[in-house]
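Peer 1: Dropping in start_28.pdb, which is PDB, C-alpha atoms:
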```pdb
ATOM      1  CA  MET K   1      58.532 -13.131  41.433
ATOM      2  CA  THR K   2      57.436 -10.158  39.411
ATOM      3  CA  THR K   3      56.370 -12.363  36.504
ATOM      4  CA  THR K   4      54.442 -14.958  38.450
ATOM      5  CA  ALA K   5      52.034 -12.502  40.124
ATOM      6  CA  PRO K   6      50.506 -11.200  36.882
ATOM      7  CA  GLN K   7      50.245 -14.773  35.614
ATOM      8  CA  ALA K   8      48.398 -15.801  38.767
ATOM      9  CA  GLY K   9      46.097 -12.820  38.357
ATOM     10  CA  LYS K  10      45.399 -13.842  34.774
ATOM     11  CA  ARG K  11      44.635 -17.397  35.899
ATOM     12  CA  ARG K  12      42.240 -16.088  38.537
ATOM     13  CA  ARG K  13      40.524 -13.861  36.002
ATOM     14  CA  ARG K  14      40.245 -16.748  33.571
ATOM     15  CA  GLY K  15      38.837 -18.961  36.297
ATOM     16  CA  GLY K  16      36.300 -16.294  37.206
ATOM     17  CA  GLY K  17      35.415 -15.920  33.555
ATOM     18  CA  VAL K  18      34.737 -19.648  33.234
ATOM     19  CA  LEU K  19      32.572 -19.645  36.337
ATOM     20  CA  GLY K  20      30.761 -16.562  35.135
ATOM     21  CA  ASN K  21      30.091 -18.130  31.734
ATOM     22  CA  THR K  22      28.904 -21.344  33.383
ATOM     23  CA  GLY K  23      26.484 -19.409  35.567
ATOM     24  CA  LEU K  24      25.257 -17.502  32.528
ATOM     25  CA  TYR K  25      24.643 -20.725  30.584
ATOM     26  CA  VAL K  26      22.799 -22.245  33.535
ATOM     27  CA  ALA K  27      20.588 -19.155  33.886
ATOM     28  CA  VAL K  28      19.856 -19.096  30.151
ATOM     29  CA  GLY K  29      19.096 -22.835  30.213
ATOM     30  CA  ILE K  30      16.644 -22.421  33.096
ATOM     31  CA  ALA K  31      14.970 -19.479  31.360
ATOM     32  CA  ALA K  32      14.686 -21.479  28.138
ATOM     33  CA  LEU K  33      13.206 -24.418  30.035
ATOM     34  CA  LEU K  34      10.604 -22.223  31.700
ATOM     35  CA  PHE K  35       9.783 -20.681  28.327
ATOM     36  CA  LEU K  36       9.278 -24.100  26.708
ATOM     37  CA  ILE K  37       7.053 -25.548  29.450
ATOM     38  CA  PRO K  38       3.796 -24.073  28.025
ATOM     39  CA  PHE K  39       4.615 -25.459  24.570
ATOM     40  CA  TYR K  40       5.319 -28.868  26.072
ATOM     41  CA  LEU K  41       1.954 -28.805  27.857
ATOM     42  CA  ILE K  42       0.174 -27.860  24.626
ATOM     43  CA  VAL K  43       1.744 -30.737  22.690
ATOM     44  CA  ARG K  44       1.310 -33.193  25.568
ATOM     45  CA  ASN K  45      -2.371 -32.407  26.030
ATOM     46  CA  ALA K  46      -2.983 -32.277  22.275
ATOM     47  CA  LEU K  47      -1.938 -35.939  22.022
ATOM     48  CA  SER K  48      -3.913 -37.081  25.077
ATOM     49  CA  THR K  49      -7.510 -37.953  25.841
ATOM     50  CA  ASP K  50      -9.774 -35.698  27.889
ATOM     51  CA  LEU K  51      -9.513 -38.160  30.794
ATOM     52  CA  GLU K  52      -5.716 -37.984  30.732
ATOM     53  CA  ILE K  53      -5.819 -34.201  30.699
ATOM     54  CA  THR K  54      -8.257 -33.788  33.596
ATOM     55  CA  GLY K  55      -7.526 -36.994  35.522
ATOM     56  CA  GLU K  56      -5.722 -37.185  38.844
ATOM     57  CA  ASN K  57      -2.975 -39.551  37.614
ATOM     58  CA  TRP K  58      -0.961 -37.083  35.613
ATOM     59  CA  LYS K  59       1.665 -38.564  33.271
ATOM     60  CA  LEU K  60       4.723 -36.867  31.875
ATOM     61  CA  LEU K  61       4.292 -38.303  28.375
ATOM     62  CA  PRO K  62       1.003 -38.433  26.463
ATOM     63  CA  SER K  63      -0.594 -41.585  25.074
ATOM     64  CA  PHE K  64       0.018 -40.181  21.579
ATOM     65  CA  GLN K  65      -3.543 -40.050  20.327
ATOM     66  CA  TRP K  66      -2.735 -39.174  16.715
ATOM     67  CA  GLY K  67      -6.388 -39.522  15.892
ATOM     68  CA  ASN K  68      -6.954 -36.169  17.580
ATOM     69  CA  ILE K  69      -5.622 -34.528  14.415
ATOM     70  CA  SER K  70      -8.304 -36.103  12.240
ATOM     71  CA  ASP K  71     -10.931 -35.373  14.909
ATOM     72  CA  LEU K  72      -9.991 -31.709  14.717
ATOM     73  CA  PHE K  73     -10.334 -31.361  10.957
ATOM     74  CA  ASP K  74     -13.337 -33.711  10.685
ATOM     75  CA  ASP K  75     -15.373 -31.914  13.343
ATOM     76  CA  PRO K  76     -18.659 -31.002  11.594
ATOM     77  CA  THR K  77     -19.409 -28.118  13.963
ATOM     78  CA  VAL K  78     -16.182 -26.215  13.265
ATOM     79  CA  GLU K  79     -14.539 -25.798   9.861
ATOM     80  CA  PHE K  80     -11.051 -25.551  11.311
ATOM     81  CA  GLY K  81      -9.254 -25.980   7.982
ATOM     82  CA  ARG K  82     -11.301 -23.147   6.500
ATOM     83  CA  SER K  83     -10.549 -20.958   9.506
ATOM     84  CA  MET K  84      -6.808 -21.570   9.045
ATOM     85  CA  VAL K  85      -7.088 -20.461   5.424
ATOM     86  CA  ASN K  86      -9.074 -17.379   6.455
ATOM     87  CA  SER K  87      -6.482 -16.417   9.049
ATOM     88  CA  LEU K  88      -3.656 -16.933   6.570
ATOM     89  CA  VAL K  89      -5.330 -14.737   3.946
ATOM     90  CA  VAL K  90      -6.173 -12.024   6.481
ATOM     91  CA  ALA K  91      -2.707 -12.045   8.078
ATOM     92  CA  VAL K  92      -0.798 -11.982   4.767
ATOM     93  CA  LEU K  93      -2.910  -9.258   3.150
ATOM     94  CA  THR K  94      -2.984  -7.175   6.346
ATOM     95  CA  THR K  95       0.792  -7.405   6.608
ATOM     96  CA  ALA K  96       1.356  -6.471   2.977
ATOM     97  CA  GLY K  97      -1.131  -3.597   3.121
ATOM     98  CA  THR K  98       0.225  -2.255   6.400
ATOM     99  CA  LEU K  99       3.796  -2.285   5.097
ATOM    100  CA  LEU K 100       2.767  -0.395   1.965
ATOM    101  CA  VAL K 101       0.489   2.184   3.596
ATOM    102  CA  CYS K 102       2.560   2.887   6.699
ATOM    103  CA  SER K 103       5.925   2.895   4.941
ATOM    104  CA  LEU K 104       4.659   5.407   2.377
ATOM    105  CA  ALA K 105       3.195   7.552   5.146
ATOM    106  CA  GLY K 106       6.375   7.341   7.192
ATOM    107  CA  TYR K 107       8.550   8.139   4.201
ATOM    108  CA  GLY K 108       6.413  11.131   3.296
ATOM    109  CA  LEU K 109       6.578  12.499   6.824
ATOM    110  CA  ALA K 110      10.341  11.973   6.994
ATOM    111  CA  ARG K 111      11.459  13.111   3.551
ATOM    112  CA  ILE K 112       8.870  15.214   1.696
ATOM    113  CA  PRO K 113       9.052  18.826   2.933
ATOM    114  CA  TYR K 114       5.743  20.620   3.282
ATOM    115  CA  ARG K 115       4.444  23.209   5.700
ATOM    116  CA  HIS K 116       2.065  21.020   7.715
ATOM    117  CA  ALA K 117       4.283  17.936   8.011
ATOM    118  CA  ASN K 118       4.715  18.268  11.773
ATOM    119  CA  LYS K 119       0.998  18.842  12.314
ATOM    120  CA  VAL K 120       0.170  15.679  10.374
ATOM    121  CA  PHE K 121       2.778  13.761  12.345
ATOM    122  CA  TYR K 122       1.345  14.968  15.670
ATOM    123  CA  ALA K 123      -2.129  13.986  14.477
ATOM    124  CA  VAL K 124      -0.841  10.479  13.748
ATOM    125  CA  LEU K 125       0.689  10.313  17.226
ATOM    126  CA  ALA K 126      -2.602  11.479  18.708
ATOM    127  CA  THR K 127      -4.326   8.388  17.311
ATOM    128  CA  LEU K 128      -2.131   6.276  19.606
ATOM    129  CA  MET K 129      -3.814   7.847  22.629
ATOM    130  CA  VAL K 130      -7.340   6.982  21.482
ATOM    131  CA  PRO K 131      -8.548   3.716  23.065
ATOM    132  CA  THR K 132      -9.648   1.019  20.639
ATOM    133  CA  ALA K 133     -13.007   0.773  22.388
ATOM    134  CA  VAL K 134     -13.810   4.352  21.342
ATOM    135  CA  THR K 135     -13.457   3.620  17.624
ATOM    136  CA  PHE K 136     -14.786   0.062  17.668
ATOM    137  CA  VAL K 137     -18.498   0.866  17.319
ATOM    138  CA  PRO K 138     -18.077   3.583  14.629
ATOM    139  CA  SER K 139     -15.795   1.256  12.674
ATOM    140  CA  PHE K 140     -18.359  -1.538  12.819
ATOM    141  CA  VAL K 141     -21.184   0.794  11.742
ATOM    142  CA  LEU K 142     -19.096   1.973   8.767
ATOM    143  CA  VAL K 143     -18.121  -1.564   7.741
ATOM    144  CA  SER K 144     -21.702  -2.755   8.116
ATOM    145  CA  SER K 145     -23.048   0.122   6.005
ATOM    146  CA  LEU K 146     -20.586  -0.794   3.256
ATOM    147  CA  GLY K 147     -21.796  -4.398   3.305
ATOM    148  CA  TRP K 148     -18.428  -5.784   4.354
ATOM    149  CA  VAL K 149     -19.651  -8.048   7.162
ATOM    150  CA  ASP K 150     -18.524 -11.673   6.633
ATOM    151  CA  THR K 151     -16.040 -10.570   3.967
ATOM    152  CA  TYR K 152     -12.264 -10.325   3.723
ATOM    153  CA  ARG K 153     -12.624  -6.587   3.072
ATOM    154  CA  GLY K 154     -14.259  -6.064   6.449
ATOM    155  CA  LEU K 155     -11.585  -8.134   8.187
ATOM    156  CA  ILE K 156      -8.592  -6.551   6.451
ATOM    157  CA  ILE K 157      -9.140  -2.961   5.328
ATOM    158  CA  PRO K 158     -10.001  -1.336   8.717
ATOM    159  CA  GLY K 159      -6.714  -2.576  10.172
ATOM    160  CA  LEU K 160      -4.363  -1.551   7.382
ATOM    161  CA  PHE K 161      -3.223   1.723   8.967
ATOM    162  CA  SER K 162      -1.354   1.707  12.255
ATOM    163  CA  GLY K 163      -0.201   4.934  13.856
ATOM    164  CA  PHE K 164       2.556   3.159  15.755
ATOM    165  CA  THR K 165       3.879   1.420  12.631
ATOM    166  CA  CYS K 166       3.807   4.729  10.775
ATOM    167  CA  PHE K 167       5.776   6.298  13.625
ATOM    168  CA  LEU K 168       8.398   3.513  13.474
ATOM    169  CA  PHE K 169       8.815   3.940   9.722
ATOM    170  CA  ARG K 170       9.211   7.697  10.060
ATOM    171  CA  GLN K 171      11.881   7.311  12.714
ATOM    172  CA  TYR K 172      13.710   4.780  10.583
ATOM    173  CA  PHE K 173      13.597   6.878   7.409
ATOM    174  CA  LEU K 174      14.899   9.921   9.299
ATOM    175  CA  GLY K 175      18.105   7.980   9.866
ATOM    176  CA  PHE K 176      18.317   6.567   6.345
ATOM    177  CA  PRO K 177      21.382   7.940   4.456
ATOM    178  CA  LYS K 178      20.261  10.927   2.414
ATOM    179  CA  GLU K 179      23.266  10.539   0.112
ATOM    180  CA  LEU K 180      21.696   7.497  -1.524
ATOM    181  CA  GLU K 181      18.486   9.375  -2.266
ATOM    182  CA  GLU K 182      20.360  12.415  -3.546
ATOM    183  CA  ALA K 183      22.281  10.168  -5.937
ATOM    184  CA  ALA K 184      18.982   8.736  -7.127
ATOM    185  CA  ARG K 185      17.604  12.230  -7.784
ATOM    186  CA  VAL K 186      20.698  13.066  -9.807
ATOM    187  CA  ASP K 187      19.769  10.081 -11.986
ATOM    188  CA  GLY K 188      16.309  11.587 -12.474
ATOM    189  CA  LEU K 189      14.261   9.680  -9.888
ATOM    190  CA  GLY K 190      11.546  11.427  -7.906
ATOM    191  CA  TYR K 191      10.345  10.637  -4.416
ATOM    192  CA  TRP K 192       8.446   7.543  -5.542
ATOM    193  CA  GLY K 193      11.365   6.231  -7.583
ATOM    194  CA  ALA K 194      13.826   6.847  -4.757
ATOM    195  CA  TYR K 195      11.504   5.151  -2.300
ATOM    196  CA  TRP K 196      10.820   2.089  -4.434
ATOM    197  CA  ARG K 197      14.244   1.560  -6.043
ATOM    198  CA  ILE K 198      16.629   2.828  -3.362
ATOM    199  CA  VAL K 199      15.017   2.981   0.072
ATOM    200  CA  VAL K 200      13.025  -0.264   0.078
ATOM    201  CA  PRO K 201      15.813  -2.574  -1.226
ATOM    202  CA  ASN K 202      18.188  -1.164   1.399
ATOM    203  CA  SER K 203      15.655  -1.467   4.249
ATOM    204  CA  LEU K 204      14.614  -5.112   3.970
ATOM    205  CA  ASN K 205      15.758  -5.902   7.517
ATOM    206  CA  PHE K 206      13.471  -3.278   8.981
ATOM    207  CA  PHE K 207      10.587  -4.247   6.690
ATOM    208  CA  ALA K 208      10.985  -7.897   7.724
ATOM    209  CA  ALA K 209      10.876  -6.957  11.404
ATOM    210  CA  ILE K 210       7.685  -4.922  10.982
ATOM    211  CA  ALA K 211       6.192  -7.685   8.810
ATOM    212  CA  THR K 212       6.809 -10.288  11.503
ATOM    213  CA  ILE K 213       5.203  -8.196  14.244
ATOM    214  CA  THR K 214       2.236  -7.269  12.030
ATOM    215  CA  PHE K 215       1.659 -10.863  10.882
ATOM    216  CA  ILE K 216       1.628 -12.180  14.445
ATOM    217  CA  SER K 217      -0.746  -9.416  15.551
ATOM    218  CA  ALA K 218      -3.129 -10.059  12.636
ATOM    219  CA  TRP K 219      -3.032 -13.822  13.197
ATOM    220  CA  ASN K 220      -3.839 -13.467  16.899
ATOM    221  CA  SER K 221      -6.590 -10.869  16.429
ATOM    222  CA  PHE K 222      -9.822 -11.949  18.106
ATOM    223  CA  LEU K 223     -12.339  -9.217  18.906
ATOM    224  CA  TRP K 224     -12.684  -7.611  15.458
ATOM    225  CA  PRO K 225     -12.929 -10.952  13.567
ATOM    226  CA  LEU K 226     -15.459 -12.109  16.171
ATOM    227  CA  VAL K 227     -17.764  -9.201  15.335
ATOM    228  CA  ILE K 228     -17.209  -9.102  11.566
ATOM    229  CA  GLY K 229     -17.038 -12.858  10.927
ATOM    230  CA  GLN K 230     -20.576 -13.757  11.957
ATOM    231  CA  ASP K 231     -20.919 -16.694   9.567
ATOM    232  CA  PRO K 232     -18.860 -19.824  10.427
ATOM    233  CA  SER K 233     -17.396 -19.829   6.905
ATOM    234  CA  SER K 234     -15.688 -16.489   7.628
ATOM    235  CA  TRP K 235     -14.286 -17.420  11.043
ATOM    236  CA  THR K 236     -10.589 -16.991  11.664
ATOM    237  CA  VAL K 237      -8.568 -19.501  13.643
ATOM    238  CA  GLN K 238      -8.958 -17.630  16.939
ATOM    239  CA  ILE K 239     -12.745 -17.693  16.644
ATOM    240  CA  ALA K 240     -12.649 -21.384  15.782
ATOM    241  CA  LEU K 241     -10.547 -22.022  18.891
ATOM    242  CA  SER K 242     -13.098 -20.348  21.133
ATOM    243  CA  SER K 243     -15.918 -22.457  19.676
ATOM    244  CA  PHE K 244     -14.538 -25.631  21.268
ATOM    245  CA  MET K 245     -15.545 -24.266  24.667
ATOM    246  CA  THR K 246     -19.297 -24.007  25.184
ATOM    247  CA  ASN K 247     -21.655 -23.744  28.161
ATOM    248  CA  GLN K 248     -22.350 -27.465  28.010
ATOM    249  CA  THR K 249     -19.032 -29.106  27.155
ATOM    250  CA  VAL K 250     -15.339 -28.401  26.869
ATOM    251  CA  ASN K 251     -13.387 -30.469  24.332
ATOM    252  CA  PHE K 252      -9.979 -30.263  25.947
ATOM    253  CA  HIS K 253      -8.093 -32.449  23.489
ATOM    254  CA  LEU K 254      -9.511 -30.513  20.532
ATOM    255  CA  ILE K 255      -8.674 -27.161  22.124
ATOM    256  CA  PHE K 256      -5.055 -28.159  22.685
ATOM    257  CA  MET K 257      -4.697 -29.793  19.272
ATOM    258  CA  ALA K 258      -6.184 -26.725  17.588
ATOM    259  CA  THR K 259      -3.809 -24.516  19.592
ATOM    260  CA  ALA K 260      -0.806 -26.610  18.573
ATOM    261  CA  VAL K 261      -1.804 -26.468  14.901
ATOM    262  CA  SER K 262      -2.604 -22.740  14.988
ATOM    263  CA  ILE K 263       0.812 -21.729  16.348
ATOM    264  CA  LEU K 264       2.748 -23.613  13.651
ATOM    265  CA  PRO K 265       2.513 -20.764  11.070
ATOM    266  CA  LEU K 266       3.775 -18.299  13.678
ATOM    267  CA  VAL K 267       6.705 -20.572  14.509
ATOM    268  CA  PHE K 268       7.628 -20.920  10.837
ATOM    269  CA  VAL K 269       7.383 -17.160  10.259
ATOM    270  CA  PHE K 270       9.498 -16.405  13.303
ATOM    271  CA  LEU K 271      12.163 -19.013  12.448
ATOM    272  CA  PHE K 272      12.361 -17.776   8.865
ATOM    273  CA  LEU K 273      12.569 -14.083   9.736
ATOM    274  CA  GLN K 274      14.302 -14.157  13.121
ATOM    275  CA  ARG K 275      17.639 -12.854  11.799
ATOM    276  CA  TRP K 276      15.976  -9.884  10.081
ATOM    277  CA  LEU K 277      13.700  -9.398  13.098
ATOM    278  CA  VAL K 278      16.622  -8.868  15.494
ATOM    279  CA  GLN K 279      18.434  -6.560  13.087
ATOM    280  CA  GLY K 280      15.291  -4.584  12.328
ATOM    281  CA  ILE K 281      14.353  -4.090  15.981
ATOM    282  CA  ALA K 282      17.884  -2.856  16.649
ATOM    283  CA  GLN K 283      17.296  -0.163  14.040
ATOM    284  CA  THR K 284      14.093   1.186  15.569
ATOM    285  CA  GLY K 285      16.099   3.352  17.961
ATOM    286  CA  ILE K 286      17.477   5.527  15.200
ATOM    287  CA  LYS K 287      17.533   9.197  16.074
ATOM    288  CA  GLY K 288      14.496  11.278  15.288
TER     289      GLY K 288
END
```
Output the file's structure as structure tokens, nothing else.
Peer 2:
Amino acid sequence: MTTTAPQAGKRRRRGGGVLGNTGLYVAVGIAALLFLIPFYLIVRNALSTDLEITGENWKLLPSFQWGNISDLFDDPTVEFGRSMVNSLVVAVLTTAGTLLVCSLAGYGLARIPYRHANKVFYAVLATLMVPTAVTFVPSFVLVSSLGWVDTYRGLIIPGLFSGFTCFLFRQYFLGFPKELEEAARVDGLGYWGAYWRIVVPNSLNFFAAIATITFISAWNSFLWPLVIGQDPSSWTVQIALSSFMTNQTVNFHLIFMATAVSILPLVFVFLFLQRWLVQGIAQTGIKG
């Protein structure tokens, strides 16, 4: 009798565990389904006609209008292929520049001792409390005076520094093992050598996480490219998307097809870097 009671308790706990896991899987499945519904609607409407999108007789599956793809890229009013290239160039260069500038700033604030380090750090934090609308007009006046309107320089350079990204790098570098850097200094490396040959190779997870977030933000940017990219040849993909909706007409099938095409680079970036993204985000809570 004394042996059967614990066994029964174990069976009950196992049964509860199975039910609990089943409920968890069901909840996760429902959440995943709800998350995928917008993507299904984008693909469904992208392969449909305008009448099928706005008509009363709604169908679950589209009529698979593959010609919508050629209509998108052959549209004479919008150079969508050029806008994709512009967005790719802007997003890649912005990501690379932000990683370089902010990581160097964060490393300097975390590792290089000088008297005003805390004051500089507080000044960087203060920039996070300044609304974007306050600096938008001065930034445009400066870019315009430099002749950077309708250029990659005007689209990229003003957004290279991010106070929040600098803050994340500083917090990360504060928790980076100092022993590795001290060993590098014994071998004759300075701050730059330790940063480039020791810190960066051992921080690729965190760099990949910041790169993913920065790339997505740069790709989805709308207001600044709208003001700077005044010529259609300098439009980014978000500006091209908005051009399909005018006061006279709305090309629904082109809007959805353009949306489906424009999110593909983000999906590829996320799928490629998702492992490093999760690990990097987990490291952002390092003590400061």
Peer 1: Between K:Gly67, K:Gly190, K:Pro232, K:Gly55, which is the closest to Thr151 in chain K once you count only C-alpha atoms?
Peer 2: K:Pro232
Peer 1: What is the CA of Phe35 in chain K-CA of Leu271 in chain K distance in Å, reported with one decimal?
Peer 2: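 It comes out at 16.1 Å.
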Peer 1: Find, counting only C-alpha atoms, the residue in K:Val89, K:Leu273, K:Leu60, K:Val78 that gets nearest to Asn205 in chain K.
Peer 2: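 Selected residue with least distance to Asn205 in chain K: K:Leu273.
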Peer 1: Give me, as a ChimeraX atom specification, all polymer residues having an atom no more than 9 Å from range 46-54 of chain K, counting all atoms listed in the file and skipping those fewer than 6 positions away in the same chain.
Peer 2: /K:61-69,251-260
Peer 1: Output the residue selection produced by the PyMOL selection byres ((chain K and resi 156) around 10) on the file above, formatted as a list of chain:residue names.
Peer 2: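 Applied to this file, the PyMOL selection byres ((chain K and resi 156) around 10) returns K:Val89, K:Val90, K:Ala91, K:Val92, K:Leu93, K:Thr94, K:Thr95, K:Gly97, K:Thr98, K:Thr151, K:Tyr152, K:Arg153, K:Gly154, K:Leu155, K:Ile157, K:Pro158, K:Gly159, K:Leu160, K:Ala218, K:Trp224, K:Pro225.
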Peer 1: Give me, as an MDAnalysis selection string, all polymer residues having an atom no more than 9 Å from Ser162 in chain K, counting all atoms listed in the file and skipping those fewer than 5 positions away in the same chain.
Peer 2: chainID K and resid 98 101:102 124 127:128 167
Peer 1: Would you export the selected residues with C-alpha atoms as a PDB file, in the coordinates of the input, please?
Peer 2:
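Now in again.pdb:
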```
ATOM      1  CA  THR K  98       0.225  -2.255   6.400  1.00  0.00           C
ATOM      2  CA  VAL K 101       0.489   2.184   3.596  1.00  0.00           C
ATOM      3  CA  CYS K 102       2.560   2.887   6.699  1.00  0.00           C
ATOM      4  CA  VAL K 124      -0.841  10.479  13.748  1.00  0.00           C
ATOM      5  CA  THR K 127      -4.326   8.388  17.311  1.00  0.00           C
ATOM      6  CA  LEU K 128      -2.131   6.276  19.606  1.00  0.00           C
ATOM      7  CA  PHE K 167       5.776   6.298  13.625  1.00  0.00           C
TER       8      PHE K 167
END
```
Peer 1: Apply the PyMOL selection byres ((chain K and resi 212) around 8) to the structure shown and report the selected residues as a list in words.
Peer 2: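 Applying the PyMOL selection byres ((chain K and resi 212) around 8) to the structure shown produces Ala208, Ala209, Ile210, Ala211, Ile213, Thr214, Phe215, Ile216, Val269, Phe270, Leu273 and Leu277 of chain K.
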